[in-house]
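*Asks:* Let me begin by handing over the structure; questions about it come next.
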Amino acid sequence: MSGVDERHAWDLGVWWDVYFTAVMGAVAVLAALSTDPGRRVVAVALVGAAVAAYYLYGRRLLLTEHSRADRRSLVFMGLLLATVLPAVMLNPTLTFMVVAVSPLCFMTAGTVRAVPTVALILIVPVLVRGLTEGQEWETFTVSLLVHAVIIAFSGWFGFWFERIVEQSYERAELIRQLRESREEAVRLSEEAGAMAEREHLGRELHDTLAQGLTSVIALTQAVESEMDTDPALARRHLALMRETASDNLADARAMVAARQAVRPGGGGSLDAALARATERLAAELGIGVDLTVRGTPVPLPGDVQVCLLRTAQEALANIRRHSGAEHADVVLEYSPTTADLTVSDDGRGFTPGAGPGHGLGNMRHRARGAGGVLTVDSVPGAGTTVRASIPLRPEAAQPAPEESAR
C-alpha cells in the first residue's frame, strides 16, 4: 500500500501544461495567419487571454479538490466563454482550440458545467454564421448535428469518466482507512503481545522463582532455630537451601534462554521433575509425600508438561505455606485421551472461593491454555485436592518406548 499514488486525479504534471500551451500556441499561429488584420489582432489577443486565464486562475482549480462544485469553477467558465467564444466567432478555424479547452472545462468545472460551456463555444458560432451569412439549410443542419453529436458524446464520456474518478477517490479513501486500521491493528497486537508476555513472565516468576525464594526463606528460618539445638538437621536444611537456589538459578536461565518447562537434568522427564518437587517438599516439612505414576507414559507436548509441572509446583507450594498437612499425594495418570495430575493433602483445607494469593488463578489459566480444566475440592478442616486434566493431542497418544512407574 505504500506505493499507492496519492496525487490529485487531475494532477497531470507538466505534460498537461505542455499540451495546453502547444495547442493554444498553434491556435495563436492560425489566428495570426488570418487575412483580416483587425480580426487577426483581436483573435490573437483573445487566445492569449484564454491562456492567461488558465495559468493565473484555472490551473489552481485543477489541483484543488471539490473545486468543481463551487463558485470558482463558474467564474473560470465565464472567463473561458469571454475569451474563447469571441475568438471562434471571429475565426471559425480557431474552433480547433476546443481540443484543449474542452478537457480543461471538464477537469475544472465538472460535466454538468462543462457541457453547457463547450456547447456554447461550438453551437453559438454556427448559429450566428448560419443566420447572418445565409448558409444553405443542409450545410447549417449538418453542422448543428455534428456539433450536437460531439456535445452528447462529451457529456456521456464526461459522466462516465467522473464516475471512474469518484470510484478512485473512494478506493483511495478505503486504502487510507485500511492502512490506518492495519497500523492500529499492529499497535494493538504489539500491546497485546507485550501484555501477554508480561503475564506469562509473571506466572513463571510466581510459579518458579517466587516459590523457590519462599522455600529458601523458610529454610533459613529453620536453620536459625536449629543451629544450636540440632546441627545435623540444620546442615540438611542448608543442603536443601543450596539445592533450591541451584534449581531456581536453572529455572531463571531456562526462562531467559529457552523457557523450557522441564529441565534436562535429573532424567529430563516430567516424572523426574515431579519426583524432585515431592522429595524436596518432604525434606523441607518432614512429612510424607508420595508420587504415583499410573498408566502408560507417553511423550507429552511442551505446553502440557509446563501446565502439569507448574500446577504440581504451585499445589505443593500451597501445601507448604498454608495447609499444615501431615501427608500429601501426587498422582500422574496417563490415559488414552488425557494426562491427569492430582495433588491432595490432609491439611486444614479452605473455602475455594476465598483461596489465598494468585496461585489458583495461574493454575486455571495454564489449564485453559493447554485445552484442559482444573478443579479444586477443599473443605475447611478436611484437606484439599487439586486436579488438572489435559487432553492429549493425537500425536502424543502413542506409548513411549520405556514405561515409568513409582
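For the C-alpha cells, the naming scheme is as follows: chains receive sequential letters (A, B, ...) according to their order of presentation, residues are indexed from 1 within each chain, and ligands are indexed from 1 in presentation order.
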Would you mind listing what lies within 12 Å of Ala282 (chain A) as a list in words, with only C-alpha atoms counted and same-chain residues fewer than 3 positions away left out?

*Replies:*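 The residues that qualify are His237, Leu240, Ala275, Arg276, Ala277, Thr278, Glu279, Leu285, Gly286, Ile287, Gly288, Val289, Asp290, Leu291, Leu316, Ala317, Ile319, Arg320, Ala325, Glu326, His327, Ala328, Asp329 and Val330 of chain A.
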
*Asks:* From the set A:Ser189, A:Thr375, A:Ser335, A:Ser389, which residue has the shortest atom-to-atom contact distance to Gln305 (chain A), counting only C-alpha atoms?

*Replies:*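 Closest to Gln305 (chain A) of all the choices is A:Ser389.
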
*Asks:* Record the distance separating CA of Leu56 (chain A) and CA of Ala28 (chain A), expressed in Å with one decimal.

*Replies:*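 Computing it gives 18.6 Å between the two atoms.
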
*Asks:* Show which residues sit within 10 Å of Gly369 (chain A), as a list in words. Count only C-alpha atoms, and ignore same-chain residues fewer than 6 positions away.

*Replies:*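 Skipping anything fewer than 6 positions along the chain leaves Asp303, Val304, Cys307, Met363 and Ile390 of chain A.
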
*Asks:* Got time to write the residues from that selection, N, CA and C atoms, as a compact mmCIF listing (two decimals), in the first residue's frame?

*Replies:*
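Contents of the output file out.txt:
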# COMPACT_ATOMS: atom_id res chain seq x y z
N ASP A 303 3.81 -27.66 26.10
CA ASP A 303 2.87 -26.86 26.87
C ASP A 303 2.14 -27.70 27.91
N VAL A 304 1.90 -28.99 27.60
CA VAL A 304 1.25 -29.86 28.58
C VAL A 304 2.19 -30.13 29.74
N CYS A 307 2.22 -27.06 31.93
CA CYS A 307 0.98 -26.96 32.72
C CYS A 307 1.02 -27.90 33.91
N MET A 363 -2.99 -21.48 37.96
CA MET A 363 -3.20 -22.88 37.58
C MET A 363 -4.36 -23.01 36.61
N ILE A 390 -5.70 -32.66 31.25
CA ILE A 390 -5.28 -32.05 30.00
C ILE A 390 -5.46 -33.06 28.87

*Asks:* I want to know what sits within 8 Å of Asp340 (chain A), based on only C-alpha atoms, with residues of the same chain fewer than 6 positions away left out; could you give that as a PyMOL selection string?

*Replies:* chain A and resi 331-334+387-390

*Asks:* So that I have them on file, write out the residues from the current selection with all heavy atoms, as a PDB file, in the first residue's frame.

*Replies:*
ATOM      1  N   VAL A 331      -0.391 -37.703  42.119  1.00  0.00           N
ATOM      2  CA  VAL A 331      -0.693 -38.797  41.197  1.00  0.00           C
ATOM      3  C   VAL A 331      -0.684 -38.240  39.776  1.00  0.00           C
ATOM      4  O   VAL A 331      -1.422 -37.297  39.458  1.00  0.00           O
ATOM      5  CB  VAL A 331      -2.065 -39.433  41.499  1.00  0.00           C
ATOM      6  CG1 VAL A 331      -2.356 -40.548  40.491  1.00  0.00           C
ATOM      7  CG2 VAL A 331      -2.085 -39.970  42.928  1.00  0.00           C
ATOM      8  N   LEU A 332       0.162 -38.825  38.924  1.00  0.00           N
ATOM      9  CA  LEU A 332       0.178 -38.508  37.497  1.00  0.00           C
ATOM     10  C   LEU A 332      -0.366 -39.717  36.758  1.00  0.00           C
ATOM     11  O   LEU A 332       0.211 -40.803  36.830  1.00  0.00           O
ATOM     12  CB  LEU A 332       1.603 -38.184  37.024  1.00  0.00           C
ATOM     13  CG  LEU A 332       1.772 -37.928  35.526  1.00  0.00           C
ATOM     14  CD1 LEU A 332       0.967 -36.712  35.076  1.00  0.00           C
ATOM     15  CD2 LEU A 332       3.259 -37.748  35.180  1.00  0.00           C
ATOM     16  N   GLU A 333      -1.461 -39.525  36.039  1.00  0.00           N
ATOM     17  CA  GLU A 333      -2.137 -40.651  35.400  1.00  0.00           C
ATOM     18  C   GLU A 333      -2.272 -40.391  33.903  1.00  0.00           C
ATOM     19  O   GLU A 333      -2.791 -39.358  33.472  1.00  0.00           O
ATOM     20  CB  GLU A 333      -3.519 -40.862  36.017  1.00  0.00           C
ATOM     21  CG  GLU A 333      -4.258 -42.071  35.453  1.00  0.00           C
ATOM     22  CD  GLU A 333      -5.563 -42.352  36.182  1.00  0.00           C
ATOM     23  OE1 GLU A 333      -5.897 -41.576  37.111  1.00  0.00           O
ATOM     24  OE2 GLU A 333      -6.234 -43.335  35.846  1.00  0.00           O
ATOM     25  N   TYR A 334      -1.761 -41.384  33.122  1.00  0.00           N
ATOM     26  CA  TYR A 334      -1.878 -41.323  31.673  1.00  0.00           C
ATOM     27  C   TYR A 334      -3.057 -42.178  31.224  1.00  0.00           C
ATOM     28  O   TYR A 334      -3.195 -43.327  31.651  1.00  0.00           O
ATOM     29  CB  TYR A 334      -0.605 -41.853  30.996  1.00  0.00           C
ATOM     30  CG  TYR A 334       0.632 -41.032  31.258  1.00  0.00           C
ATOM     31  CD1 TYR A 334       1.483 -41.338  32.326  1.00  0.00           C
ATOM     32  CD2 TYR A 334       0.976 -39.959  30.442  1.00  0.00           C
ATOM     33  CE1 TYR A 334       2.630 -40.607  32.573  1.00  0.00           C
ATOM     34  CE2 TYR A 334       2.125 -39.225  30.682  1.00  0.00           C
ATOM     35  CZ  TYR A 334       2.948 -39.545  31.739  1.00  0.00           C
ATOM     36  OH  TYR A 334       4.086 -38.817  31.979  1.00  0.00           O
ATOM     37  N   ARG A 387      -6.938 -31.023  40.919  1.00  0.00           N
ATOM     38  CA  ARG A 387      -6.850 -31.971  39.807  1.00  0.00           C
ATOM     39  C   ARG A 387      -6.847 -31.203  38.490  1.00  0.00           C
ATOM     40  O   ARG A 387      -7.728 -30.395  38.218  1.00  0.00           O
ATOM     41  CB  ARG A 387      -8.019 -32.950  39.829  1.00  0.00           C
ATOM     42  CG  ARG A 387      -7.922 -34.060  38.781  1.00  0.00           C
ATOM     43  CD  ARG A 387      -9.043 -35.082  38.977  1.00  0.00           C
ATOM     44  NE  ARG A 387      -8.873 -36.236  38.113  1.00  0.00           N
ATOM     45  CZ  ARG A 387      -9.367 -36.326  36.880  1.00  0.00           C
ATOM     46  NH1 ARG A 387     -10.067 -35.321  36.371  1.00  0.00           N
ATOM     47  NH2 ARG A 387      -9.163 -37.416  36.153  1.00  0.00           N
ATOM     48  N   ALA A 388      -5.824 -31.490  37.671  1.00  0.00           N
ATOM     49  CA  ALA A 388      -5.720 -30.908  36.328  1.00  0.00           C
ATOM     50  C   ALA A 388      -5.855 -32.028  35.316  1.00  0.00           C
ATOM     51  O   ALA A 388      -5.131 -33.030  35.391  1.00  0.00           O
ATOM     52  CB  ALA A 388      -4.395 -30.180  36.144  1.00  0.00           C
ATOM     53  N   SER A 389      -6.769 -31.849  34.358  1.00  0.00           N
ATOM     54  CA  SER A 389      -6.978 -32.847  33.301  1.00  0.00           C
ATOM     55  C   SER A 389      -6.721 -32.176  31.958  1.00  0.00           C
ATOM     56  O   SER A 389      -7.431 -31.237  31.574  1.00  0.00           O
ATOM     57  CB  SER A 389      -8.416 -33.385  33.359  1.00  0.00           C
ATOM     58  OG  SER A 389      -8.631 -34.354  32.351  1.00  0.00           O
ATOM     59  N   ILE A 390      -5.701 -32.656  31.254  1.00  0.00           N
ATOM     60  CA  ILE A 390      -5.276 -32.053  29.999  1.00  0.00           C
ATOM     61  C   ILE A 390      -5.464 -33.061  28.870  1.00  0.00           C
ATOM     62  O   ILE A 390      -4.933 -34.179  28.928  1.00  0.00           O
ATOM     63  CB  ILE A 390      -3.798 -31.620  30.053  1.00  0.00           C
ATOM     64  CG1 ILE A 390      -3.529 -30.800  31.324  1.00  0.00           C
ATOM     65  CG2 ILE A 390      -3.431 -30.842  28.803  1.00  0.00           C
ATOM     66  CD1 ILE A 390      -4.329 -29.537  31.417  1.00  0.00           C
TER      67      ILE A 390
END
